file query34.txt (compact mmCIF, C-alpha atoms and all ligand atoms)
# COMPACT_ATOMS: atom_id res chain seq x y z
CA MET A 1 15.72 4.97 6.53
CA ILE A 2 14.63 4.19 3.01
CA LEU A 3 14.13 0.83 1.34
CA TYR A 4 14.40 0.98 -2.43
CA ASP A 5 15.55 -1.34 -5.15
CA PRO A 6 15.37 -0.68 -8.91
CA VAL A 7 14.26 -4.33 -9.41
CA ILE A 8 10.81 -3.41 -8.08
CA THR A 9 10.33 -0.61 -10.62
CA THR A 10 7.49 -1.38 -12.98
CA VAL A 11 7.62 0.39 -16.33
CA HIS A 12 4.02 -0.36 -17.26
CA GLN A 13 4.48 0.63 -20.89
CA ASP A 14 7.01 -2.24 -21.24
CA TYR A 15 4.07 -4.60 -20.78
CA GLY A 16 1.74 -2.61 -23.05
CA VAL A 17 -0.13 -1.21 -20.02
CA MET A 18 -0.95 2.48 -20.62
CA ILE A 19 -1.60 3.95 -17.18
CA PRO A 20 -0.02 7.19 -15.96
CA ILE A 21 2.32 5.75 -13.31
CA SER A 22 5.69 7.45 -13.55
CA ALA A 23 8.51 4.91 -13.36
CA SER A 24 10.93 7.65 -12.32
CA ARG A 25 9.01 8.62 -9.16
CA ALA A 26 11.37 6.88 -6.73
CA ASN A 27 14.45 8.38 -8.38
CA LYS A 28 12.96 11.87 -8.22
CA ILE A 29 12.36 11.40 -4.48
CA ILE A 30 15.95 10.23 -3.95
CA ASP A 31 17.31 13.13 -6.04
CA PHE A 32 15.27 15.61 -4.01
CA LEU A 33 16.57 14.17 -0.73
CA ARG A 34 20.16 14.36 -2.01
CA GLN A 35 19.72 17.97 -3.18
CA ASN A 36 18.41 18.87 0.26
CA GLU A 37 21.17 16.98 2.06
CA ALA A 38 18.54 14.83 3.74
CA LEU A 39 20.31 11.55 3.04
CA ASP A 40 22.60 11.26 6.03
CA ASP A 41 23.24 8.24 8.27
CA LYS A 42 19.71 8.46 9.55
CA THR A 43 18.12 8.24 6.13
CA GLU A 44 20.22 5.53 4.61
CA ILE A 45 18.98 3.70 1.48
CA TYR A 46 18.91 -0.10 1.65
CA ASN A 47 18.20 -2.37 -1.30
CA LEU A 48 16.34 -5.68 -0.98
CA ALA A 49 19.52 -7.78 -0.66
CA GLN A 50 20.89 -5.55 2.11
CA ALA A 51 17.55 -5.70 3.91
CA VAL A 52 17.56 -9.50 3.67
CA SER A 53 21.02 -9.67 5.19
CA VAL A 54 20.14 -7.22 7.99
CA ILE A 55 17.21 -9.36 9.11
CA GLY A 56 19.23 -12.55 8.62
CA ALA A 57 16.74 -14.27 6.29
CA SER A 58 17.56 -16.89 3.69
CA GLY A 59 15.72 -18.46 0.74
CA ASP A 60 12.58 -16.97 -0.76
CA ILE A 61 11.37 -14.04 1.32
CA ILE A 62 7.76 -14.52 0.24
CA THR A 63 6.63 -18.09 -0.36
CA ARG A 64 3.48 -19.47 -1.96
CA ALA A 65 2.35 -20.46 1.54
CA ASP A 66 2.58 -16.80 2.62
CA LEU A 67 0.27 -15.82 -0.23
CA GLU A 68 -2.13 -18.66 0.60
CA GLN A 69 -2.27 -17.57 4.22
CA THR A 70 -3.91 -14.32 3.06
CA HIS A 71 -5.56 -15.00 -0.30
CA ASP A 72 -7.83 -17.74 -1.68
CA LYS A 73 -5.85 -20.87 -2.62
CA ASN A 74 -7.54 -21.23 -6.02
CA PHE A 75 -6.64 -17.64 -6.89
CA ILE A 76 -3.01 -18.24 -5.96
CA ALA A 77 -3.03 -21.51 -7.95
CA ASP A 78 -4.11 -19.48 -11.02
CA LEU A 79 -1.15 -17.12 -10.56
CA TYR A 80 1.31 -20.01 -10.50
CA GLY A 81 -0.45 -21.77 -13.44
CA GLN A 82 -2.40 -21.22 -16.63
CA GLY A 83 -4.70 -18.57 -15.20
CA LEU A 84 -2.02 -15.91 -14.66
CA GLU A 85 -2.60 -13.76 -17.75
CA LYS A 86 -6.36 -13.59 -17.20
CA ARG A 87 -5.80 -12.58 -13.56
CA LEU A 88 -3.38 -9.84 -14.61
CA LEU A 89 -5.80 -8.50 -17.23
CA THR A 90 -8.48 -8.27 -14.52
CA ALA A 91 -6.26 -6.67 -11.87
CA TRP A 92 -5.14 -3.90 -14.24
CA GLU A 93 -8.61 -3.65 -15.86
CA LEU A 94 -7.10 -4.12 -19.30
CA ILE A 95 -10.21 -5.57 -20.91
CA ASP A 96 -13.55 -3.76 -20.90
CA LYS A 97 -17.03 -5.26 -20.56
CA ASP A 98 -17.23 -5.92 -24.30
CA GLY A 99 -13.93 -7.80 -24.26
CA LYS A 100 -12.04 -4.97 -25.96
CA PRO A 101 -8.60 -3.77 -24.77
CA ASN A 102 -8.77 -0.92 -22.26
CA ARG A 103 -5.58 1.14 -21.69
CA TYR A 104 -3.82 -1.90 -23.11
CA GLU A 105 -1.71 -1.98 -26.27
CA PRO A 106 -0.07 -5.43 -26.34
CA GLU A 107 1.50 -4.66 -29.74
CA ARG A 108 3.69 -2.04 -28.00
CA ALA A 109 4.83 -4.44 -25.24
CA ARG A 110 8.51 -5.35 -24.98
CA LYS A 111 7.96 -7.94 -22.24
CA PRO A 112 5.28 -10.61 -21.74
CA LEU A 113 2.46 -9.53 -19.42
CA SER A 114 3.08 -12.64 -17.28
CA ALA A 115 6.48 -11.23 -16.25
CA LEU A 116 4.62 -8.66 -14.13
CA PHE A 117 3.95 -11.39 -11.55
CA GLY A 118 7.65 -11.64 -10.67
CA VAL A 119 7.85 -7.88 -10.11
CA VAL A 120 4.72 -7.95 -7.93
CA LEU A 121 6.28 -10.71 -5.79
CA LYS A 122 9.38 -8.54 -5.29
CA GLN A 123 7.12 -5.66 -4.29
CA VAL A 124 5.46 -7.87 -1.69
CA ALA A 125 8.86 -8.99 -0.38
CA GLY A 126 9.86 -5.32 -0.06
CA THR A 127 6.81 -4.53 2.07
CA TYR A 128 7.57 -7.42 4.40
CA LEU A 129 11.24 -6.40 4.63
CA ALA A 130 10.26 -2.79 5.38
CA CYS A 131 8.15 -4.05 8.30
CA ARG A 132 11.02 -6.16 9.63
CA LEU A 133 13.54 -3.31 9.28
CA ALA A 134 11.22 -0.94 11.13
CA MET A 135 10.65 -3.45 13.93
CA GLN A 136 14.33 -4.28 14.20
CA GLY A 137 15.12 -0.62 14.81
CA VAL A 138 17.74 -0.26 12.08
CA ASP A 139 16.78 3.41 12.12
CA ARG A 140 16.70 4.81 15.64
CA ASP A 141 13.13 6.03 15.17
CA ASN A 142 11.96 2.56 14.01
CA PHE A 143 10.99 4.21 10.73
CA CYS A 144 11.31 2.68 7.28
CA TYR A 145 10.00 4.34 4.12
CA TYR A 146 9.65 1.82 1.29
CA LEU A 147 9.56 3.29 -2.21
CA GLY A 148 7.20 0.51 -3.33
CA GLY A 149 4.16 -1.49 -2.22
CA GLY A 150 0.71 -0.41 -1.04
CA MET A 151 -1.47 -2.68 -3.21
CA HIS A 152 -4.56 -2.21 -1.07
CA HIS A 153 -7.24 -3.01 -3.67
CA ALA A 154 -6.19 -6.67 -4.09
CA ARG A 155 -9.05 -8.76 -2.72
CA TYR A 156 -9.44 -12.24 -1.27
CA ASP A 157 -9.77 -14.02 -4.59
CA ALA A 158 -8.96 -11.42 -7.28
CA GLY A 159 -6.76 -8.50 -8.11
CA ALA A 160 -8.32 -5.06 -8.69
CA GLY A 161 -7.33 -1.43 -9.22
CA PHE A 162 -3.74 -2.10 -10.45
CA CYS A 163 -3.19 -4.39 -7.43
CA LEU A 164 -2.65 -8.14 -7.92
CA LEU A 165 -1.64 -9.20 -4.39
CA ASN A 166 -2.31 -7.39 -1.13
CA ASP A 167 1.25 -6.89 0.12
CA ILE A 168 -0.03 -5.03 3.20
CA VAL A 169 -2.16 -7.81 4.65
CA ILE A 170 0.28 -10.53 3.49
CA ALA A 171 3.15 -8.81 5.36
CA ALA A 172 1.05 -8.10 8.46
CA GLN A 173 -0.19 -11.70 8.72
CA LYS A 174 3.32 -13.07 8.14
CA ILE A 175 4.68 -10.86 10.94
CA LEU A 176 1.93 -12.04 13.32
CA THR A 177 2.66 -15.69 12.42
CA GLU A 178 6.43 -15.51 12.68
CA THR A 179 6.91 -13.28 15.70
CA ASP A 180 5.31 -12.82 19.10
CA SER A 181 3.72 -9.58 17.83
CA SER A 182 0.01 -9.53 18.41
CA LEU A 183 -1.35 -6.27 17.00
CA VAL A 184 -0.65 -4.51 13.71
CA TRP A 185 -2.30 -1.28 12.58
CA ILE A 186 -2.82 -0.26 8.98
CA ILE A 187 -3.24 3.49 8.46
CA ASP A 188 -4.28 3.96 4.84
CA VAL A 189 -4.30 7.54 3.56
CA ASP A 190 -4.43 6.77 -0.17
CA ALA A 191 -7.19 8.69 -2.01
CA HIS A 192 -9.06 5.45 -2.74
CA LYS A 193 -10.64 3.28 -0.05
CA GLY A 194 -8.42 0.41 1.14
CA CYS A 195 -11.19 -1.96 0.14
CA GLY A 196 -9.16 -5.10 -0.59
CA SER A 197 -7.51 -4.94 2.83
CA ALA A 198 -10.92 -4.58 4.52
CA GLU A 199 -12.23 -7.65 2.69
CA LEU A 200 -9.16 -9.77 3.49
CA LEU A 201 -9.25 -8.87 7.17
CA GLN A 202 -12.93 -9.71 7.41
CA PHE A 203 -12.40 -13.07 5.67
CA ALA A 204 -9.43 -13.86 7.96
CA ARG A 205 -11.50 -13.08 11.06
CA LYS A 206 -14.35 -15.29 9.82
CA VAL A 207 -12.09 -18.35 9.63
CA GLY A 208 -10.42 -17.54 12.95
CA LYS A 209 -7.04 -16.48 11.51
CA LEU A 210 -7.39 -13.03 13.08
CA GLY A 211 -9.25 -11.40 15.93
CA GLY A 212 -8.82 -11.48 19.69
CA GLU A 213 -5.16 -11.86 20.70
CA LYS A 214 -3.75 -11.66 17.17
CA ASN A 215 -5.28 -8.88 15.19
CA ILE A 216 -4.82 -6.36 12.42
CA LEU A 217 -6.87 -3.14 12.51
CA ASN A 218 -7.37 -1.09 9.38
CA LEU A 219 -8.06 2.65 9.16
CA SER A 220 -8.83 4.12 5.75
CA ILE A 221 -9.41 7.82 5.04
CA HIS A 222 -10.46 8.29 1.44
CA MET A 223 -12.71 9.97 -1.13
CA ALA A 224 -16.35 9.40 -0.19
CA HIS A 225 -17.25 8.99 -3.86
CA GLY A 226 -15.53 7.88 -7.03
CA TRP A 227 -13.91 4.50 -7.70
CA PRO A 228 -14.26 2.02 -5.93
CA LEU A 229 -17.28 3.66 -4.29
CA ASP A 230 -18.90 4.80 -7.54
CA PRO A 231 -22.48 3.69 -8.32
CA GLU A 232 -21.41 1.39 -11.17
CA THR A 233 -18.86 -0.56 -9.10
CA ILE A 234 -21.22 -0.77 -6.13
CA ALA A 235 -24.08 -2.05 -8.36
CA GLU A 236 -21.82 -4.88 -9.55
CA THR A 237 -20.67 -5.82 -6.04
CA PRO A 238 -22.23 -8.88 -4.40
CA PRO A 239 -23.21 -8.39 -0.74
CA GLY A 240 -20.40 -8.92 1.73
CA ARG A 241 -17.63 -8.18 -0.75
CA ALA A 242 -15.24 -5.30 -1.40
CA PRO A 243 -15.71 -2.36 -1.67
CA LEU A 244 -18.84 -2.57 0.52
CA ILE A 245 -17.08 -4.16 3.51
CA PRO A 246 -16.34 -1.39 6.01
CA CYS A 247 -12.83 -0.83 7.34
CA ASP A 248 -12.42 -0.97 11.15
CA VAL A 249 -12.18 2.82 11.06
CA GLU A 250 -13.59 4.28 7.89
CA ILE A 251 -13.40 7.98 7.13
CA PRO A 252 -15.03 9.06 3.86
CA ILE A 253 -14.15 12.62 2.88
CA GLY A 254 -16.77 14.35 0.73
CA GLU A 255 -16.00 16.80 -2.04
CA ASN A 256 -14.62 20.20 -0.96
CA ARG A 257 -14.01 18.95 2.60
CA GLU A 258 -10.23 19.17 2.44
CA ALA A 259 -10.12 21.64 5.35
CA GLU A 260 -11.58 18.98 7.67
CA TYR A 261 -9.22 16.23 6.54
CA LEU A 262 -6.55 16.45 9.24
CA GLN A 263 -9.05 16.70 12.10
CA GLU A 264 -10.93 13.67 10.74
CA LEU A 265 -7.68 11.72 10.54
CA LYS A 266 -6.77 12.60 14.13
CA GLU A 267 -10.21 11.50 15.29
CA GLY A 268 -9.81 8.26 13.31
CA VAL A 269 -6.50 7.44 14.99
CA ARG A 270 -8.17 8.03 18.35
CA LYS A 271 -10.84 5.47 17.37
CA LEU A 272 -8.11 3.03 16.37
CA GLU A 273 -6.67 3.42 19.88
CA GLU A 274 -10.10 2.76 21.36
CA LEU A 275 -10.56 -0.40 19.27
CA SER A 276 -7.15 -1.59 20.46
CA GLY A 277 -8.39 -1.61 24.05
CA GLY A 278 -5.27 -0.04 25.52
CA ARG A 279 -2.85 -2.28 23.61
CA LYS A 280 -0.04 -0.62 21.71
CA PRO A 281 0.49 -2.00 18.18
CA ASP A 282 3.78 -3.82 17.60
CA LEU A 283 3.88 -2.33 14.10
CA THR A 284 1.98 0.19 11.99
CA ILE A 285 1.93 -0.03 8.21
CA VAL A 286 1.18 3.34 6.63
CA VAL A 287 -0.26 3.17 3.11
CA ASP A 288 1.02 6.60 2.18
CA GLY A 289 -0.76 7.29 -1.11
CA ALA A 290 0.09 10.63 -2.69
CA ASP A 291 -2.97 10.57 -4.94
CA PRO A 292 -5.02 12.89 -2.69
CA TYR A 293 -2.51 15.55 -3.89
CA GLU A 294 -4.16 18.33 -5.91
CA HIS A 295 -1.66 17.82 -8.76
CA ASP A 296 -2.21 14.07 -9.06
CA GLY A 297 -2.55 12.89 -12.65
CA LEU A 298 -5.23 10.20 -12.29
CA PRO A 299 -8.78 11.30 -13.20
CA SER A 300 -10.29 8.95 -10.59
CA SER A 301 -8.51 10.68 -7.69
CA ARG A 302 -9.78 14.21 -8.45
CA LEU A 303 -12.52 14.26 -5.82
CA LEU A 304 -9.92 14.87 -3.11
CA ARG A 305 -7.44 17.69 -3.62
CA LEU A 306 -5.06 18.27 -0.74
CA SER A 307 -2.35 20.88 -1.15
CA LEU A 308 1.30 19.89 -0.76
CA GLU A 309 1.26 21.42 2.74
CA GLN A 310 -1.83 19.40 3.70
CA CYS A 311 -0.25 16.16 2.42
CA VAL A 312 2.94 16.80 4.40
CA GLU A 313 0.97 17.83 7.49
CA ARG A 314 -0.99 14.58 7.25
CA ASP A 315 2.19 12.49 7.09
CA LEU A 316 3.97 14.41 9.83
CA PHE A 317 1.00 13.97 12.17
CA ILE A 318 1.13 10.17 11.70
CA TYR A 319 4.94 10.09 11.91
CA LYS A 320 5.10 12.09 15.14
CA TYR A 321 2.19 10.22 16.71
CA LEU A 322 3.93 6.86 16.13
CA ARG A 323 7.40 8.10 17.07
CA GLU A 324 6.21 9.59 20.37
CA ARG A 325 4.73 6.20 21.29
CA ALA A 326 7.75 4.23 20.03
CA ILE A 327 5.57 2.32 17.53
CA PRO A 328 7.66 0.96 14.62
CA SER A 329 6.31 2.11 11.26
CA ALA A 330 6.73 0.82 7.72
CA TRP A 331 5.56 3.33 5.11
CA LEU A 332 4.52 2.23 1.62
CA ILE A 333 4.50 4.67 -1.27
CA ALA A 334 1.15 3.36 -2.68
CA GLY A 335 -0.91 5.45 -5.16
CA GLY A 336 0.36 8.57 -6.89
CA TYR A 337 0.09 9.28 -10.59
CA GLY A 338 1.57 11.62 -13.15
CA GLU A 339 4.72 13.72 -13.12
CA ARG A 340 4.27 15.40 -9.71
CA ALA A 341 3.40 12.34 -7.59
CA TRP A 342 6.92 12.33 -6.13
CA GLU A 343 6.45 15.68 -4.38
CA PRO A 344 4.43 14.80 -1.22
CA PRO A 345 6.57 11.80 -0.14
CA ALA A 346 9.82 13.64 -1.00
CA HIS A 347 8.94 16.67 1.16
CA PHE A 348 7.72 14.47 4.01
CA VAL A 349 10.76 12.15 4.12
CA CYS A 350 13.04 15.19 3.89
CA LEU A 351 11.48 16.56 7.08
CA THR A 352 11.91 13.25 8.95
CA ALA A 353 15.65 13.59 8.39
CA SER A 354 15.88 16.99 10.05
ZN ZN A 401 -5.17 5.39 -4.84
call {"tool": "encode", "arguments": {"input": "query34.txt", "output": "structure tokens"}}
result
Amino acid sequence: MILYDPVITTVHQDYGVMIPISASRANKIIDFLRQNEALDDKTEIYNLAQAVSVIGASGDIITRADLEQTHDKNFIADLYGQGLEKRLLTAWELIDKDGKPNRYEPERARKPLSALFGVVLKQVAGTYLACRLAMQGVDRDNFCYYLGGGMHHARYDAGAGFCLLNDIVIAAQKILTETDSSLVWIIDVDAHKGCGSAELLQFARKVGKLGGEKNILNLSIHMAHGWPLDPETIAETPPGRAPLIPCDVEIPIGENREAEYLQELKEGVRKLEELSGGRKPDLTIVVDGADPYEHDGLPSSRLLRLSLEQCVERDLFIYKYLRERAIPSAWLIAGGYGERAWEPPAHFVCLTAS
């Protein structure tokens, strides 16, 4: 099944933010599925309101307390107060070192930048709802593909890399708090390292919020070099902070190593099993970035160039692995830039319907 709601669509240009994220990506995926008759009962599309009613929730889906459970309280206070605009400028890297606008043309904006916060909160709610739908077994394979979310660069006390809040860790911690679930896996296949998630999990373990009985384990397979692992970013990083904090299973893929990608991923999932000590996760969140795709439009994702077949093979391996073990999975669309970013998820979801 698919979770999608036009209210989560962010047209960045409306806010004066000039980054190549295609606002029509979700619609192109849905069109492709329709053309291929892949939208049957099994691949139904729910919107946020329908998802809320299916899980029987009421009131705000994501509260300030949910955000504070994962992120630093002072950071969250900024978002709800005077510090919001500055935090947004940082998360989207809209101001360079000299204080000049970077990919930011406020004179072209039709909406205030601060309105982005409301959209981000809806994105976070969608990720949480996708997890609940998957766990509830609305789809008989306990599979939910959310055409939103995946903000894995958001750190403990700051946004980064177009990510303001870390919907992945927020949703996983909320699930662990609210239910008797004890283990959640994150499998992050976006081209960029899931560095914010790694930092948040380490901070949560330090203060005893995670670890032992209740835990979240994070696998990230990503470009070995390039942002956020480029020399400039690393030189600016204080010790013990993202992106230097390792993920529980970290798989850097060097340039021209695409042929080894799938084998490395399989080995990584085996390590995740080992770290779980024989426990089956109650939920897996897949951060299904399409930016490793060879036709991705973002310059910073060019060090990894998987073909369409390799992207689909990657997703099908994860999908079948989880389905065979009856592990519910919530998939987040995550990174993917330019006009062809819809292709890998569209082909993958189409195959899950067959
Ligand atoms: Zn990415």
call {"tool": "closest_atom_pairs", "arguments": {"input": "query34.txt", "of": "chain A", "to": "ligand ZN 401 (chain A)", "cutoff": "9 Å", "atoms": "all atoms listed in the file", "output": "Markdown table"}}
result
| residue | atom | partner | partner_atom | distance |
| --- | --- | --- | --- | --- |
| A:His152 | CA | A:ZN401 | ZN | 8.5 |
| A:His153 | CA | A:ZN401 | ZN | 8.7 |
| A:Gly161 | CA | A:ZN401 | ZN | 8.4 |
| A:Val189 | CA | A:ZN401 | ZN | 8.7 |
| A:Asp190 | CA | A:ZN401 | ZN | 4.9 |
| A:Ala191 | CA | A:ZN401 | ZN | 4.8 |
| A:His192 | CA | A:ZN401 | ZN | 4.4 |
| A:Lys193 | CA | A:ZN401 | ZN | 7.6 |
| A:Gly194 | CA | A:ZN401 | ZN | 8.4 |
| A:His222 | CA | A:ZN401 | ZN | 8.7 |
| A:Gly289 | CA | A:ZN401 | ZN | 6.1 |
| A:Ala290 | CA | A:ZN401 | ZN | 7.7 |
| A:Asp291 | CA | A:ZN401 | ZN | 5.6 |
| A:Pro292 | CA | A:ZN401 | ZN | 7.8 |
| A:Leu298 | CA | A:ZN401 | ZN | 8.9 |
| A:Ser300 | CA | A:ZN401 | ZN | 8.5 |
| A:Ser301 | CA | A:ZN401 | ZN | 6.9 |
| A:Ala334 | CA | A:ZN401 | ZN | 7.0 |
| A:Gly335 | CA | A:ZN401 | ZN | 4.3 |
| A:Gly336 | CA | A:ZN401 | ZN | 6.7 |
| A:Tyr337 | CA | A:ZN401 | ZN | 8.7 |
call {"tool": "residues_around", "arguments": {"input": "query34.txt", "residues": "Ala77 (chain A)", "least_positions_apart": "4", "cutoff": "12 Å", "atoms": "all atoms listed in the file", "output": "PyMOL selection string"}}
result
chain A and resi 64-65+67-68+71-73+81-84+87+157-158
call {"tool": "closest_residue", "arguments": {"input": "query34.txt", "among": "A:Leu165, A:Val54, A:Ala38, A:Leu147", "to": "Asp5 (chain A)", "atoms": "only C-alpha atoms"}}
result
A:Leu147
call {"tool": "residues_around", "arguments": {"input": "query34.txt", "residues": "region 255-264 of chain A", "least_positions_apart": "2", "cutoff": "7 Å", "atoms": "only C-alpha atoms", "output": "list in words"}}
result
Ile253, Lys266, Glu267, Gly268, Leu303, Leu304, Arg305, Leu306 and Arg314 of chain A
call {"tool": "atom_distance", "arguments": {"input": "query34.txt", "atom1": "CA of Ala23 (chain A)", "atom2": "CA of Glu85 (chain A)"}}
result
22.2 Å
call {"tool": "residues_near_point", "arguments": {"input": "query34.txt", "point": "(-13.1, 3.3, 10.4)", "cutoff": "7 Å", "atoms": "only C-alpha atoms", "output": "number ranges by chain"}}
result
A: 219-220, 247-251, 268
call {"tool": "residues_around", "arguments": {"input": "query34.txt", "residues": "region 116-128 of chain A", "least_positions_apart": "4", "cutoff": "6 Å", "atoms": "all atoms listed in the file", "output": "list in words"}}
result
Ile8, Ile61, Ile62, Gly149, Asp167 and Ala171 of chain A
call {"tool": "atom_distance", "arguments": {"input": "query34.txt", "atom1": "CA of Glu93 (chain A)", "atom2": "CA of Tyr15 (chain A)"}}
result
13.6 Å
call {"tool": "residues_around", "arguments": {"input": "query34.txt", "residues": "Pro106 (chain A)", "least_positions_apart": "5", "cutoff": "9 Å", "atoms": "all atoms listed in the file", "output": "PyMOL selection string"}}
result
chain A and resi 15-17+101+112-113
call {"tool": "closest_atom_pairs", "arguments": {"input": "query34.txt", "of": "region 111-175 of chain A", "to": "region 200-207 of chain A", "cutoff": "8 Å", "atoms": "all atoms listed in the file", "output": "tab-separated table"}}
result
residue	atom	partner	partner_atom	distance
A:Arg155	CA	A:Leu200	CA	6.3
A:Tyr156	CA	A:Leu200	CA	5.4
A:Val169	CA	A:Leu200	CA	7.4
call {"tool": "atom_distance", "arguments": {"input": "query34.txt", "atom1": "CA of Thr237 (chain A)", "atom2": "CA of Leu332 (chain A)"}}
result
27.5 Å
call {"tool": "axis_aligned_box", "arguments": {"input": "query34.txt", "around": "region 219-222 of chain A", "padding_each_side": "6 Å", "output": "JSON"}}
result
{"center_x": -9.3, "center_y": 5.5, "center_z": 5.3, "size_x": 14.4, "size_y": 17.6, "size_z": 19.7}
call {"tool": "closest_residue", "arguments": {"input": "query34.txt", "among": "A:Ile234, A:Val7, A:Leu164, A:Cys144", "to": "Lys86 (chain A)", "atoms": "all atoms listed in the file"}}
result
A:Leu164
call {"tool": "residues_around", "arguments": {"input": "query34.txt", "residues": "Phe348 (chain A)", "least_positions_apart": "5", "cutoff": "10 Å", "atoms": "all atoms listed in the file", "output": "compact mmCIF listing (two decimals) with C-alpha atoms, keeping the file's coordinate frame"}}
result
# COMPACT_ATOMS: atom_id res chain seq x y z
CA LEU A 308 1.30 19.89 -0.76
CA GLU A 309 1.26 21.42 2.74
CA CYS A 311 -0.25 16.16 2.42
CA VAL A 312 2.94 16.80 4.40
CA GLU A 313 0.97 17.83 7.49
CA ARG A 314 -0.99 14.58 7.25
CA ASP A 315 2.19 12.49 7.09
CA LEU A 316 3.97 14.41 9.83
CA TYR A 319 4.94 10.09 11.91
CA GLU A 343 6.45 15.68 -4.38
CA ALA A 353 15.65 13.59 8.39
call {"tool": "closest_atom_pairs", "arguments": {"input": "query34.txt", "of": "region 172-252 of chain A", "to": "region 129-136 of chain A", "cutoff": "12 Å", "atoms": "all atoms listed in the file", "output": "JSON lines"}}
result
{"residue": "A:Ala172", "atom": "CA", "partner": "A:Cys131", "partner_atom": "CA", "distance": 8.2}
{"residue": "A:Gln173", "atom": "CA", "partner": "A:Cys131", "partner_atom": "CA", "distance": 11.3}
{"residue": "A:Lys174", "atom": "CA", "partner": "A:Cys131", "partner_atom": "CA", "distance": 10.2}
{"residue": "A:Ile175", "atom": "CA", "partner": "A:Arg132", "partner_atom": "CA", "distance": 8.0}
{"residue": "A:Leu176", "atom": "CA", "partner": "A:Cys131", "partner_atom": "CA", "distance": 11.3}
{"residue": "A:Glu178", "atom": "CA", "partner": "A:Arg132", "partner_atom": "CA", "distance": 10.9}
{"residue": "A:Thr179", "atom": "CA", "partner": "A:Arg132", "partner_atom": "CA", "distance": 10.2}
{"residue": "A:Asp180", "atom": "CA", "partner": "A:Met135", "partner_atom": "CA", "distance": 12.0}
{"residue": "A:Ser181", "atom": "CA", "partner": "A:Met135", "partner_atom": "CA", "distance": 10.0}
{"residue": "A:Val184", "atom": "CA", "partner": "A:Cys131", "partner_atom": "CA", "distance": 10.3}
{"residue": "A:Trp185", "atom": "CA", "partner": "A:Cys131", "partner_atom": "CA", "distance": 11.6}
{"residue": "A:Ile186", "atom": "CA", "partner": "A:Cys131", "partner_atom": "CA", "distance": 11.6}
call {"tool": "closest_residue", "arguments": {"input": "query34.txt", "among": "A:His295, A:Asn142, A:Ala26, A:Met151", "to": "Asp282 (chain A)", "atoms": "only C-alpha atoms"}}
result
A:Asn142
